Every structure is written in C-alpha cells, then in structure tokens.
Amino acid sequence: MHVVATAGHVDHGKSTLVRLLTGMEPDRWAEEHRRGLTIDLGFAWTRLPSGAELAIVDVPGHERFVPNMLAGVGHVPAALLVVAADEGWMPQSDEHLAALHAFGVRHGILAVSRSDLAPPERAMAEARERLARTSLAGARAVAVSGATGEGLDALRAELDALAAALPAPDTGAPVRLWVDRSFAIKGAGTVVTGTLPAGTIEVGDELRISRTGRTVRVRSLQTLGRDVPAASAVARVAVNLRGVDRHDLVRGDTLVGGAAWKPTATVDVRLRAAPERLPRHAMLHVGSAAVPVVVRPLGELTARLRPAEALPLTAGDRGLLRDPGRHLIVAGVTVLDPAPAPVRGRGAARARGAELERLSVEERSRGELRRRRFMAEAEFGPRGLAPVGRPVAGGWRADPGTWRDLPRTLAAEVAEWEEARPLERGMPAEAARQRLGVPTNEVLGAVAAAAGLRLAGGRVASRSGETLPARVSAVLAELESRWRAEPFVAPGAEELRDRGLGPREVAAAARAGRVLRVGDGVVLPPDADVRALEVLCGLPGQTFTLSEARRALGTTRRVAVPLLELLDRQGRTERVSADARRVVRDG
Ligand SMILES: Nc1nc2c(ncn2[C@@H]2O[C@H](COP(=O)(O)OP(=O)(O)O)[C@@H](O)[C@H]2O)c(=O)[nH]1
Ligand SMILES: [Mg+2]
C-alpha cells in the first residue's frame, strides 16, 4: 500500500479530488458538510490502475487548521499538492509547500484543479516555479477538473508512477505508530489510527504507549477497512486495543514496539535552513505530534530543543519548528542526537554546536544505517554518507547489531514453520525475507548460511535432509527435466503409482525438498508456489478467475485448484468476490 497526503489552499478542490479518486467521503464531520470546509484529517483509499492500493490523507486548507494539516503530512512519504486554476497560488499554498519542504517530502504531484473555470496554464507555471525551490522540485503536474472529470485518468496514471517510485519501506524496523485519531467502538473498545511508516504490526503484539509507558495488546487490526492478521509498512492502520480508554491515547501519542524507543525531553537537532530569527519558544511538529519546545541555539545551524513532553525520537527523524504566534514555519529540523549530555554555560553550548557540526560523516552514516538496518552500497554516496557496517551480500551492508541477531531469529522461524507444516518442507524464502525484514533473497541466503540452514528452490529449510532410494531419485530426476519446460504440469496419479511413487515415497520426496505436494497425488517442483505467484502477479490488475489462472500457468484444473488453495492458505492470494475472482495480496 502507498500513502499520500493532500495539500493546498482552502477551496482549491482537494476534498473533491479525493472523493472522485476514491468514491469515498473524506469530510467525516457534520460541521464539515454544513460549512463545506475540511476541518480535520480525512481518510480514503482506492485501487490504482496498476492494482496498487493507495490511501489518501486529506488535510484542511484553511489557515486556522494548519496544526491538523501538519499532523497529516508530517510522516506521509508523498504529497498531492492542489492549486486552483482560477485562483492560482495563495497564502496556504505557500504555507503547505513550506511545510512539505521543511519535512523533506521529496515525492509529489501537482494537480491544477478547477481547470473548467479557467485555463490551467498560468496557475501551473506559477506553481512550478514555487516548487522548483523546494524538495518537490520537478514534480509532475496534471490539470484536472472536479466538475467535468477531465484529467482524472491522467492523475491516476501519475499517482501510479509516483507509487512505483517511492522507496521501499523497512518492514523489519521497530514499530512507532504516530496516532492521528482515536475513537471508541461499542463492544470493541478503543481504536487508534495512523500511518505506519516502517515496521510490521501483528494481532497479539504487545506495544507501549510512549507517553505513559503503559503496555497494551493489539486485539485486532484493520487496513483500508479490512481485518488483517498483520500490517506492514507503509500502511494506514486501525489498531483495536484491549482495556484502553480512548482518552488514554490521543493524536500525537505514539504506540511503540521493542525496547529501542526511549522517550526523550532533550534533543539536539540540525536546522535544515538558516532561519531569520530563532524564537526561544516554538512548536515542534513531528509525526502527528505538536509539542511546545524551548529552543536553545548551539551553532549556526544546530540547536537544542526541550519538548514540554518527552517524545520517542531517534537520530534522523525529521520535523519542523513553527512559530504559532507569527503563523510562520521557522525551519525543518533533523534529529542528530536524541539523548545528549547536558551543556552548562554559553561556552559549553557553543562547543557542543561546533561538535555537532563536525559530527563525522562516519558517525552520521552509522546512525542512518542503524535506523534503516540495511542499505545498498550505492545509497551512501548520494546522501553524503560513507559506506559503513558489514558487507553482507549483493552490494548490501547491514547494521552490525541487527546482523548479530538475525541467524537465531531465522532458525527459530524456520523450525516453527517446519513443525507446523511437515509436508511443505521449509519456509518459503519470501515469507522468511519479510519476517526478518531483509532486503533481498541474496541477503537472506547469507543469513541462512550463518544459521546453518539451506536456501534452495525458493525455500529455507533445516539441513536434516533425507536420502532417497536410488530408484525414487531416478524418477524424480526425469520429472525435474520435464518441469524445466512445464513447471505446473503434474504427473498423473496413475503414472506415479506405476513408477513406484506411492504416498510414502512422495512424502519422502517432499521432505527431501525435491517436490512440493499441493494436493493428494499432485506433485510439482519444490518452488512451484513461488513461481506461480510470479506468473499471477503478471496478470492485469493481479486479479483472475480459476480458469484465467489455469491458462496463465499452462496447467489443468486438477493442479490449479489445489495450487490456488495453497496460495490462499499461505495468504498470498485471496478470494475477493462471489464470482470466485482472486487477487494477489500485497507484501
Ligand atoms: N467548477 C469546479 N468546482 C470545483 C472543482 N473542484 C472543487 N470545486 C468546488 O470548490 C469548492 C471547494 O472544493 P473542496 O474540494 O471542498 O476544496 P478543499 O477545501 O481544497 O478541500 C466546492 O464547492 C467544490 O464543489 C472543479 O474542478 N471545478
Ligand atoms: Mg477539503
């Protein structure tokens, strides 16, 4: 799933576009309808032409509701900036763009709306010129009309291209969910929603409310209105919690997992632009939170912030400082040190500023790698970082602390999988890769080797391989050569029997990782499930009926029926409608 936030001046057509794109109503409040005005964040979603799911956070454009807007765009990776053709660039166009720039949002689309009311060229040129000086320089632009629907298909195509260009999230990172809404549901307790930028939440997980330190358990989980057993970043999630009052958790609170997140009330930051004047008191907007901070300048581009309330921050977090009195975004900030030592006296503050400004490239690189766990070698240079950490495989580097724990985790996951599914020898590599949050199969192979496991045929298995009788092995060798050309054609039950492969021999071959048993007497190559999924992913919209799947795979009903059922059980495909269409599930 991908998430974008709208941005732009009030009445420029943000909510109208969201309504048209998704068929959903982003303005949830009666007052919003009465006044025809977005006051708070709205949430809607749709499936793009490519089949990718897109969630949209719709923000208010009115200047009175800027704090709500900031809570919406603060940690969303992409923006849909809307400017009306007939009105052109306006004050909140400026303010919203300044916020996106300060947060460092680099992915976005410019929509010139209301283009039925005026030719869009002038507003587009003006907006492009403003964007050129910001993190959104060069964003693609589309003219649209909410009245005639013109340009909507082009906008959908641009959203698809945007989604495809977004960086892959780190789904193995520790969870930190910034809450943007909390409400009570009769009989179910409290539900909180937010955008999960990294990590994975599962039903049953224990999380902590950072502000109070209280531990809570995930009772159920939804993404885009569906119940799911787990949700991986990037995702809009609704988390149902047991035994929590909805006032225990409000916008700006965080739900965190793991010991990594420690609330801090002193942080040293780098200012991402030199402000005209650094106010002594400001609001720090980070994630969905807005917290008053006392600002103490250190060096020219560094400062120490003391939030009125401790926040779970880490090096590399991005936020912005706003002067609410002057309605002014002061500067974007990047956290350099979330737990600095005290400084006493002016001399000490200046020395600390100099120290922060010197913070060696290597230290920053280590901090970034620690946060992201894995980075491709090619990613360091362009960010002004030096390749640090442990080279693992295929041009990837791992944070040493992360790497140390992975073999043990993988061994435990594989053992559990094999125990639960004795016939499906080994854990599918893709499932293992996601569980561990490692970036590629090559890296997974390196973890498997360190754990004394084997990665072969698209599966990770323990080594306790089985030796097969020579005559069974000979028949399998012949099947393997047939499967090279037709991987989804299973030998008939009769043929198997005639050639001496009874149920016992087939079971042994499955345990040895030579075949995958998809049903009674139906055997395929050991990686047939993974390869079938690749084929199905290539179908338009990733949706298909049984007979479409059967044709795409070049096989028979006898194979296709149990193979799809196996993929359903693995959670990789899912029936989506009464006419038995299936869809490949994301992630
Ligand atoms: N003619 C015309 N009116 C539009 C268009 N888009 C929005 N509107 C109208 O402009 C007003 C404000 O739209 P809305 O989507 O609420 O703007 P927002 O404040 O940016 O969310 C509403 O009355 C809409 O019906 C458009 O493309 N053409
Ligand atoms: Mg609106």
# chains A, B, ... in the order shown; residues from 1 in each chain; ligands from 1

$ residues_near_ligand --ligand "ligand 2" --cutoff "7 Å" --atoms "only C-alpha atoms and all ligand atoms" --output "list in words"
Val10, Asp11, Gly13, Lys14, Ser15, Leu37, Thr38, Asp58, Val59, Pro60 and Gly61 of chain A

$ write_last_selection --atoms "all heavy atoms" --output "tab-separated table (two decimals), in the first residue's frame"
chain	number	residue	atom	x	y	z
A	10	VAL	N	-7.33	26.46	0.97
A	10	VAL	CA	-8.73	26.08	1.18
A	10	VAL	C	-9.54	26.34	-0.09
A	10	VAL	O	-9.27	27.29	-0.83
A	10	VAL	CB	-9.33	26.86	2.38
A	10	VAL	CG1	-9.38	28.35	2.12
A	10	VAL	CG2	-10.71	26.33	2.74
A	11	ASP	N	-10.50	25.44	-0.37
A	11	ASP	CA	-11.42	25.56	-1.50
A	11	ASP	C	-10.77	25.34	-2.87
A	11	ASP	O	-11.38	25.64	-3.88
A	11	ASP	CB	-12.07	26.96	-1.54
A	11	ASP	CG	-13.41	26.95	-0.80
A	11	ASP	OD1	-13.79	25.86	-0.34
A	11	ASP	OD2	-14.03	28.01	-0.69
A	13	GLY	N	-10.11	22.44	-4.05
A	13	GLY	CA	-10.63	21.20	-4.64
A	13	GLY	C	-9.95	19.93	-4.18
A	13	GLY	O	-10.08	18.89	-4.81
A	14	LYS	N	-9.24	19.99	-3.02
A	14	LYS	CA	-8.57	18.80	-2.50
A	14	LYS	C	-9.58	17.69	-2.20
A	14	LYS	O	-9.46	16.57	-2.68
A	14	LYS	CB	-7.80	19.13	-1.22
A	14	LYS	CG	-6.68	20.12	-1.40
A	14	LYS	CD	-5.95	20.42	-0.09
A	14	LYS	CE	-6.80	21.18	0.92
A	14	LYS	NZ	-7.25	22.51	0.43
A	15	SER	N	-10.58	18.03	-1.38
A	15	SER	CA	-11.53	17.00	-0.96
A	15	SER	C	-12.34	16.49	-2.15
A	15	SER	O	-12.67	15.30	-2.22
A	15	SER	CB	-12.47	17.56	0.11
A	15	SER	OG	-11.72	17.98	1.23
A	37	LEU	N	-16.35	22.68	4.38
A	37	LEU	CA	-14.97	23.01	4.70
A	37	LEU	C	-14.34	21.84	5.45
A	37	LEU	O	-14.94	21.33	6.39
A	37	LEU	CB	-15.00	24.25	5.61
A	37	LEU	CG	-13.67	24.80	6.08
A	37	LEU	CD1	-13.00	25.51	4.93
A	37	LEU	CD2	-13.89	25.75	7.25
A	38	THR	N	-13.15	21.45	5.05
A	38	THR	CA	-12.45	20.41	5.79
A	38	THR	C	-11.82	21.02	7.03
A	38	THR	O	-11.15	22.06	6.95
A	38	THR	CB	-11.35	19.77	4.91
A	38	THR	OG1	-11.95	19.32	3.71
A	38	THR	CG2	-10.69	18.60	5.63
A	58	ASP	N	-6.54	13.34	3.61
A	58	ASP	CA	-6.99	14.65	3.10
A	58	ASP	C	-6.87	15.67	4.23
A	58	ASP	O	-7.35	15.43	5.34
A	58	ASP	CB	-8.44	14.53	2.62
A	58	ASP	CG	-8.92	15.83	1.97
A	58	ASP	OD1	-8.10	16.48	1.28
A	58	ASP	OD2	-10.11	16.18	2.14
A	59	VAL	N	-6.22	16.79	3.94
A	59	VAL	CA	-5.96	17.76	5.00
A	59	VAL	C	-6.78	19.03	4.79
A	59	VAL	O	-7.20	19.33	3.68
A	59	VAL	CB	-4.46	18.13	5.07
A	59	VAL	CG1	-3.58	16.89	5.10
A	59	VAL	CG2	-4.06	19.02	3.91
A	60	PRO	N	-7.02	19.78	5.88
A	60	PRO	CA	-7.72	21.06	5.72
A	60	PRO	C	-6.79	22.11	5.12
A	60	PRO	O	-5.60	22.12	5.41
A	60	PRO	CB	-8.11	21.44	7.15
A	60	PRO	CG	-7.19	20.67	8.04
A	60	PRO	CD	-6.73	19.46	7.28
A	61	GLY	N	-7.35	23.01	4.31
A	61	GLY	CA	-6.54	24.03	3.68
A	61	GLY	C	-6.65	25.39	4.36
A	61	GLY	O	-5.90	26.31	4.06

$ residues_near_ligand --ligand "ligand 1" --cutoff "10 Å" --atoms "only C-alpha atoms and all ligand atoms" --output "ChimeraX atom specification"
/A:6-20,26-27,32-33,35-39,58-62,81-86,112-118,143-151

$ write_last_selection --atoms "C-alpha atoms" --output "PDB file, in the first residue's frame"
ATOM      1  CA  THR A   6      -3.200  16.265   0.029  1.00  0.00           C
ATOM      2  CA  ALA A   7      -2.005  19.851   0.467  1.00  0.00           C
ATOM      3  CA  GLY A   8      -3.049  23.289  -0.741  1.00  0.00           C
ATOM      4  CA  HIS A   9      -5.156  26.373  -0.082  1.00  0.00           C
ATOM      5  CA  VAL A  10      -8.728  26.084   1.180  1.00  0.00           C
ATOM      6  CA  ASP A  11     -11.419  25.565  -1.503  1.00  0.00           C
ATOM      7  CA  HIS A  12      -8.948  24.599  -4.190  1.00  0.00           C
ATOM      8  CA  GLY A  13     -10.628  21.200  -4.643  1.00  0.00           C
ATOM      9  CA  LYS A  14      -8.571  18.798  -2.504  1.00  0.00           C
ATOM     10  CA  SER A  15     -11.534  17.004  -0.961  1.00  0.00           C
ATOM     11  CA  THR A  16     -13.366  16.963  -4.290  1.00  0.00           C
ATOM     12  CA  LEU A  17     -10.415  15.188  -5.922  1.00  0.00           C
ATOM     13  CA  VAL A  18     -10.195  12.680  -3.092  1.00  0.00           C
ATOM     14  CA  ARG A  19     -13.930  11.998  -3.431  1.00  0.00           C
ATOM     15  CA  LEU A  20     -13.601  11.452  -7.190  1.00  0.00           C
ATOM     16  CA  PRO A  26     -13.092  12.397   3.241  1.00  0.00           C
ATOM     17  CA  ASP A  27     -15.040  15.007   5.247  1.00  0.00           C
ATOM     18  CA  GLU A  32     -17.568  19.982   7.695  1.00  0.00           C
ATOM     19  CA  HIS A  33     -20.585  19.338   5.489  1.00  0.00           C
ATOM     20  CA  ARG A  35     -19.633  24.634   6.256  1.00  0.00           C
ATOM     21  CA  GLY A  36     -18.376  22.900   3.089  1.00  0.00           C
ATOM     22  CA  LEU A  37     -14.971  23.012   4.700  1.00  0.00           C
ATOM     23  CA  THR A  38     -12.448  20.411   5.791  1.00  0.00           C
ATOM     24  CA  ILE A  39     -11.543  20.941   9.434  1.00  0.00           C
ATOM     25  CA  ASP A  58      -6.986  14.648   3.103  1.00  0.00           C
ATOM     26  CA  VAL A  59      -5.959  17.763   5.004  1.00  0.00           C
ATOM     27  CA  PRO A  60      -7.720  21.061   5.724  1.00  0.00           C
ATOM     28  CA  GLY A  61      -6.541  24.034   3.678  1.00  0.00           C
ATOM     29  CA  HIS A  62      -7.800  26.793   5.949  1.00  0.00           C
ATOM     30  CA  LEU A  81      -0.473  19.469  -3.915  1.00  0.00           C
ATOM     31  CA  VAL A  82      -3.626  21.086  -5.298  1.00  0.00           C
ATOM     32  CA  VAL A  83      -3.806  24.591  -6.798  1.00  0.00           C
ATOM     33  CA  ALA A  84      -6.975  26.017  -8.381  1.00  0.00           C
ATOM     34  CA  ALA A  85      -6.639  27.169 -11.996  1.00  0.00           C
ATOM     35  CA  ASP A  86      -8.968  30.133 -11.446  1.00  0.00           C
ATOM     36  CA  VAL A 112      -4.123  22.136 -11.064  1.00  0.00           C
ATOM     37  CA  SER A 113      -7.813  21.801 -10.241  1.00  0.00           C
ATOM     38  CA  ARG A 114     -10.946  23.686 -11.250  1.00  0.00           C
ATOM     39  CA  SER A 115      -9.499  23.817 -14.775  1.00  0.00           C
ATOM     40  CA  ASP A 116     -13.078  24.033 -16.109  1.00  0.00           C
ATOM     41  CA  LEU A 117     -13.260  27.526 -14.568  1.00  0.00           C
ATOM     42  CA  ALA A 118     -10.057  28.937 -16.096  1.00  0.00           C
ATOM     43  CA  ALA A 143      -4.628  19.731 -14.975  1.00  0.00           C
ATOM     44  CA  VAL A 144      -7.900  18.325 -13.629  1.00  0.00           C
ATOM     45  CA  SER A 145     -11.496  19.291 -13.140  1.00  0.00           C
ATOM     46  CA  GLY A 146     -13.679  18.005 -10.386  1.00  0.00           C
ATOM     47  CA  ALA A 147     -16.712  19.264 -12.260  1.00  0.00           C
ATOM     48  CA  THR A 148     -16.147  17.504 -15.608  1.00  0.00           C
ATOM     49  CA  GLY A 149     -13.816  14.718 -14.501  1.00  0.00           C
ATOM     50  CA  GLU A 150     -11.290  15.816 -17.093  1.00  0.00           C
ATOM     51  CA  GLY A 151      -7.712  14.853 -16.278  1.00  0.00           C
TER      52      GLY A 151
END

$ residues_around --residues "Gly172 (chain A)" --least-positions-apart "4" --cutoff "10 Å" --atoms "only C-alpha atoms" --output "number ranges by chain"
A: 198-201, 232-233, 372-373, 433-439

$ write_last_selection --atoms "C-alpha atoms" --output "short mmCIF file (atom, residue, chain, number, x, y, z; two decimals), in the first residue's frame"
data_model
loop_
_atom_site.label_atom_id
_atom_site.label_comp_id
_atom_site.auth_asym_id
_atom_site.auth_seq_id
_atom_site.Cartn_x
_atom_site.Cartn_y
_atom_site.Cartn_z
CA ALA A 198 8.18 1.37 8.91
CA GLY A 199 7.93 -1.98 10.65
CA THR A 200 5.13 -4.52 10.98
CA ILE A 201 2.26 -4.79 13.47
CA SER A 232 3.49 -4.00 7.14
CA ALA A 233 4.68 -0.50 6.29
CA ARG A 372 17.44 1.54 8.39
CA ARG A 373 19.17 -1.77 9.27
CA ARG A 433 12.61 -12.47 3.93
CA GLN A 434 9.63 -10.44 5.08
CA ARG A 435 9.62 -11.82 8.61
CA LEU A 436 13.23 -10.84 9.03
CA GLY A 437 12.92 -7.59 7.13
CA VAL A 438 15.98 -8.34 4.97
CA PRO A 439 16.09 -6.58 1.61
#

$ closest_residue --among "A:Met124, A:Ala102, A:Ala163, A:Leu313" --to "Val4 (chain A)" --atoms "only C-alpha atoms"
A:Ala163

$ residues_around --residues "Gly257 (chain A)" --least-positions-apart "2" --cutoff "7 Å" --atoms "only C-alpha atoms" --output "number ranges by chain"
A: 174-176, 207-208, 255, 259

$ write_last_selection --atoms "C-alpha atoms" --output "PDB file, in the first residue's frame"
ATOM      1  CA  PRO A 174      10.835  -1.422  15.270  1.00  0.00           C
ATOM      2  CA  VAL A 175       7.257  -0.113  15.262  1.00  0.00           C
ATOM      3  CA  ARG A 176       6.451   3.517  16.003  1.00  0.00           C
ATOM      4  CA  LEU A 207       3.036  -2.311  22.186  1.00  0.00           C
ATOM      5  CA  ARG A 208       3.692   0.569  24.558  1.00  0.00           C
ATOM      6  CA  LEU A 255       2.430   3.277  20.048  1.00  0.00           C
ATOM      7  CA  ALA A 259      12.962  -1.505  23.647  1.00  0.00           C
TER       8      ALA A 259
END

$ select_by_dssp --residues "region 21-107 of chain A" --states "strand (DSSP E)" --output "JSON, numbers by chain"
{"A": [42, 43, 44, 45, 46, 47, 53, 54, 55, 56, 57, 58, 78, 79, 80, 81, 82, 83, 84, 107]}

$ atom_distance --atom1 "CA of Gly345 (chain A)" --atom2 "CA of Val295 (chain A)"
15.0 Å

$ residues_around --residues "Pro91 (chain A)" --least-positions-apart "4" --cutoff "9 Å" --atoms "only C-alpha atoms" --output "PyMOL selection string"
chain A and resi 9+63+95-96

$ closest_residue --among "A:Asp160, A:Glu31, A:Glu309, A:Asp248" --to "Ala52 (chain A)" --atoms "only C-alpha atoms"
A:Asp160

$ residues_around --residues "Ile209 (chain A)" --least-positions-apart "2" --cutoff "9 Å" --atoms "only C-alpha atoms" --output "list in words"
Leu207, Arg211, Thr212, Gly213, Arg214, Thr215, Val216, Asp248, Leu249, Asp253, Thr254, Leu255 and Val256 of chain A

$ write_last_selection --atoms "C-alpha atoms" --output "compact mmCIF listing (two decimals), in the first residue's frame"
# COMPACT_ATOMS: atom_id res chain seq x y z
CA LEU A 207 3.04 -2.31 22.19
CA ARG A 211 3.73 8.93 26.88
CA THR A 212 2.56 6.82 29.81
CA GLY A 213 4.77 3.75 29.44
CA ARG A 214 1.69 1.57 29.61
CA THR A 215 1.74 -1.76 27.74
CA VAL A 216 -1.20 -2.63 25.51
CA ASP A 248 -5.54 7.34 27.13
CA LEU A 249 -4.31 7.74 23.57
CA ASP A 253 0.69 9.93 21.03
CA THR A 254 2.77 7.02 19.83
CA LEU A 255 2.43 3.28 20.05
CA VAL A 256 5.91 1.79 20.05

$ select_by_dssp --residues "region 415-517 of chain A" --states "helix (DSSP H, G or I)" --output "VMD selection string"
chain A and resid 415 to 420 429 to 436 441 to 450 470 to 485 493 to 498 503 to 511

$ residues_around --residues "Leu54 (chain A)" --least-positions-apart "5" --cutoff "9 Å" --atoms "only C-alpha atoms" --output "PyMOL selection string"
chain A and resi 1-4+44-48+159-160+163

$ write_last_selection --atoms "all heavy atoms" --output "tab-separated table (two decimals), in the first residue's frame"
chain	number	residue	atom	x	y	z
A	1	MET	N	0.84	-1.18	0.00
A	1	MET	CA	0.00	0.00	0.00
A	1	MET	C	0.89	1.24	0.00
A	1	MET	O	1.99	1.23	0.50
A	1	MET	CB	-0.83	-0.03	1.28
A	1	MET	CG	-1.84	1.08	1.38
A	1	MET	SD	-2.40	1.28	3.06
A	1	MET	CE	-2.79	-0.39	3.52
A	2	HIS	N	0.37	2.30	-0.60
A	2	HIS	CA	1.08	3.56	-0.59
A	2	HIS	C	0.17	4.61	0.06
A	2	HIS	O	-1.04	4.45	0.07
A	2	HIS	CB	1.43	4.00	-2.00
A	2	HIS	CG	2.19	2.94	-2.73
A	2	HIS	ND1	3.52	2.71	-2.49
A	2	HIS	CD2	1.80	2.02	-3.64
A	2	HIS	CE1	3.92	1.70	-3.24
A	2	HIS	NE2	2.90	1.27	-3.95
A	3	VAL	N	0.78	5.65	0.61
A	3	VAL	CA	0.01	6.69	1.26
A	3	VAL	C	0.46	8.05	0.74
A	3	VAL	O	1.67	8.32	0.68
A	3	VAL	CB	0.18	6.65	2.80
A	3	VAL	CG1	-0.76	7.64	3.46
A	3	VAL	CG2	-0.10	5.25	3.33
A	4	VAL	N	-0.50	8.90	0.36
A	4	VAL	CA	-0.17	10.29	0.04
A	4	VAL	C	-1.08	11.20	0.87
A	4	VAL	O	-2.17	10.80	1.28
A	4	VAL	CB	-0.37	10.66	-1.46
A	4	VAL	CG1	0.41	9.74	-2.36
A	4	VAL	CG2	-1.83	10.66	-1.84
A	44	ALA	N	-9.27	8.16	2.99
A	44	ALA	CA	-9.96	7.46	1.92
A	44	ALA	C	-8.94	6.61	1.18
A	44	ALA	O	-7.74	6.78	1.37
A	44	ALA	CB	-10.61	8.46	0.97
A	45	TRP	N	-9.42	5.68	0.38
A	45	TRP	CA	-8.47	4.83	-0.34
A	45	TRP	C	-9.07	4.30	-1.63
A	45	TRP	O	-10.29	4.31	-1.81
A	45	TRP	CB	-7.99	3.68	0.54
A	45	TRP	CG	-9.09	2.88	1.14
A	45	TRP	CD1	-9.72	1.82	0.57
A	45	TRP	CD2	-9.67	3.05	2.45
A	45	TRP	NE1	-10.66	1.32	1.43
A	45	TRP	CE2	-10.65	2.05	2.58
A	45	TRP	CE3	-9.44	3.94	3.50
A	45	TRP	CZ2	-11.42	1.92	3.74
A	45	TRP	CZ3	-10.22	3.80	4.64
A	45	TRP	CH2	-11.19	2.80	4.75
A	46	THR	N	-8.18	3.83	-2.50
A	46	THR	CA	-8.62	3.33	-3.80
A	46	THR	C	-7.58	2.36	-4.34
A	46	THR	O	-6.48	2.27	-3.80
A	46	THR	CB	-8.82	4.49	-4.79
A	46	THR	OG1	-9.35	3.98	-6.01
A	46	THR	CG2	-7.50	5.19	-5.10
A	47	ARG	N	-7.98	1.65	-5.40
A	47	ARG	CA	-7.00	0.82	-6.09
A	47	ARG	C	-6.64	1.53	-7.39
A	47	ARG	O	-7.52	1.94	-8.15
A	47	ARG	CB	-7.60	-0.57	-6.37
A	47	ARG	CG	-6.56	-1.62	-6.65
A	47	ARG	CD	-7.20	-2.98	-6.81
A	47	ARG	NE	-7.40	-3.69	-5.56
A	47	ARG	CZ	-6.45	-4.35	-4.90
A	47	ARG	NH1	-5.23	-4.39	-5.36
A	47	ARG	NH2	-6.72	-4.98	-3.78
A	48	LEU	N	-5.35	1.69	-7.64
A	48	LEU	CA	-4.89	2.39	-8.85
A	48	LEU	C	-4.94	1.42	-10.04
A	48	LEU	O	-5.05	0.22	-9.85
A	48	LEU	CB	-3.47	2.90	-8.62
A	48	LEU	CG	-3.35	4.01	-7.57
A	48	LEU	CD1	-1.89	4.30	-7.24
A	48	LEU	CD2	-4.05	5.26	-8.06
A	159	LEU	N	-0.34	9.07	-10.26
A	159	LEU	CA	-0.27	8.52	-8.90
A	159	LEU	C	0.38	7.13	-8.94
A	159	LEU	O	1.16	6.77	-8.06
A	159	LEU	CB	-1.67	8.44	-8.29
A	159	LEU	CG	-2.24	9.79	-7.83
A	159	LEU	CD1	-3.74	9.68	-7.56
A	159	LEU	CD2	-1.52	10.28	-6.57
A	160	ASP	N	0.08	6.37	-9.99
A	160	ASP	CA	0.69	5.06	-10.15
A	160	ASP	C	2.21	5.19	-10.31
A	160	ASP	O	2.98	4.45	-9.68
A	160	ASP	CB	0.11	4.35	-11.38
A	160	ASP	CG	-0.64	3.08	-10.98
A	160	ASP	OD1	-0.27	2.49	-9.94
A	160	ASP	OD2	-1.58	2.71	-11.69
A	163	ALA	N	3.71	6.14	-7.03
A	163	ALA	CA	3.75	5.00	-6.10
A	163	ALA	C	4.91	4.08	-6.44
A	163	ALA	O	5.63	3.61	-5.56
A	163	ALA	CB	2.43	4.23	-6.15

$ atom_distance --atom1 "CA of Glu126 (chain A)" --atom2 "CA of Met90 (chain A)"
10.6 Å

$ closest_residue --among "A:Pro540, A:Gly74, A:Pro400, A:Gly225" --to "Ala289 (chain A)" --atoms "only C-alpha atoms"
A:Gly74

$ atom_distance --atom1 "CA of Gly502 (chain A)" --atom2 "CA of Leu546 (chain A)"
28.6 Å

$ closest_residue --among "A:Arg482, A:Arg397, A:Arg370, A:Arg421" --to "Glu442 (chain A)" --atoms "only C-alpha atoms"
A:Arg397

$ closest_residue --among "A:Gly452, A:Ala432, A:Ala552, A:Arg272" --to "Glu486 (chain A)" --atoms "only C-alpha atoms"
A:Ala552

$ closest_residue --among "A:Gly138, A:Pro297, A:Pro324, A:Gly23" --to "Leu356 (chain A)" --atoms "only C-alpha atoms"
A:Pro297

$ decode --residues "region 167-181 of chain A" --atoms "N, CA and C atoms" --output "PDB file, in the first residue's frame"
ATOM      1  N   PRO A 167      10.447   4.906  -2.234  1.00  0.00           N
ATOM      2  CA  PRO A 167      11.422   3.955  -1.707  1.00  0.00           C
ATOM      3  C   PRO A 167      10.735   2.850  -0.911  1.00  0.00           C
ATOM      4  N   ALA A 168      11.308   1.652  -0.979  1.00  0.00           N
ATOM      5  CA  ALA A 168      10.722   0.522  -0.248  1.00  0.00           C
ATOM      6  C   ALA A 168      10.890   0.761   1.244  1.00  0.00           C
ATOM      7  N   PRO A 169       9.816   0.550   2.024  1.00  0.00           N
ATOM      8  CA  PRO A 169       9.918   0.759   3.470  1.00  0.00           C
ATOM      9  C   PRO A 169      10.691  -0.378   4.135  1.00  0.00           C
ATOM     10  N   ASP A 170      11.184  -0.092   5.332  1.00  0.00           N
ATOM     11  CA  ASP A 170      11.870  -1.117   6.108  1.00  0.00           C
ATOM     12  C   ASP A 170      10.822  -1.812   6.984  1.00  0.00           C
ATOM     13  N   THR A 171      10.336  -2.965   6.521  1.00  0.00           N
ATOM     14  CA  THR A 171       9.223  -3.610   7.228  1.00  0.00           C
ATOM     15  C   THR A 171       9.682  -4.347   8.476  1.00  0.00           C
ATOM     16  N   GLY A 172      11.008  -4.463   8.660  1.00  0.00           N
ATOM     17  CA  GLY A 172      11.502  -5.149   9.855  1.00  0.00           C
ATOM     18  C   GLY A 172      11.881  -4.187  10.974  1.00  0.00           C
ATOM     19  N   ALA A 173      11.744  -2.889  10.720  1.00  0.00           N
ATOM     20  CA  ALA A 173      12.157  -1.895  11.724  1.00  0.00           C
ATOM     21  C   ALA A 173      11.231  -1.944  12.936  1.00  0.00           C
ATOM     22  N   PRO A 174      11.715  -1.491  14.102  1.00  0.00           N
ATOM     23  CA  PRO A 174      10.835  -1.422  15.270  1.00  0.00           C
ATOM     24  C   PRO A 174       9.654  -0.484  15.004  1.00  0.00           C
ATOM     25  N   VAL A 175       8.485  -0.863  15.550  1.00  0.00           N
ATOM     26  CA  VAL A 175       7.257  -0.113  15.262  1.00  0.00           C
ATOM     27  C   VAL A 175       7.198   1.202  16.033  1.00  0.00           C
ATOM     28  N   ARG A 176       6.818   2.271  15.327  1.00  0.00           N
ATOM     29  CA  ARG A 176       6.451   3.517  16.003  1.00  0.00           C
ATOM     30  C   ARG A 176       5.284   4.100  15.216  1.00  0.00           C
ATOM     31  N   LEU A 177       4.112   4.005  15.802  1.00  0.00           N
ATOM     32  CA  LEU A 177       2.906   4.493  15.123  1.00  0.00           C
ATOM     33  C   LEU A 177       2.489   5.813  15.766  1.00  0.00           C
ATOM     34  N   TRP A 178       2.495   6.889  14.986  1.00  0.00           N
ATOM     35  CA  TRP A 178       2.009   8.185  15.475  1.00  0.00           C
ATOM     36  C   TRP A 178       0.491   8.170  15.325  1.00  0.00           C
ATOM     37  N   VAL A 179      -0.203   8.299  16.411  1.00  0.00           N
ATOM     38  CA  VAL A 179      -1.657   8.214  16.382  1.00  0.00           C
ATOM     39  C   VAL A 179      -2.233   9.507  15.809  1.00  0.00           C
ATOM     40  N   ASP A 180      -3.130   9.379  14.817  1.00  0.00           N
ATOM     41  CA  ASP A 180      -3.776  10.605  14.343  1.00  0.00           C
ATOM     42  C   ASP A 180      -5.262  10.653  14.670  1.00  0.00           C
ATOM     43  N   ARG A 181      -5.800   9.556  15.212  1.00  0.00           N
ATOM     44  CA  ARG A 181      -7.216   9.568  15.554  1.00  0.00           C
ATOM     45  C   ARG A 181      -7.439   8.470  16.580  1.00  0.00           C
TER      46      ARG A 181
END
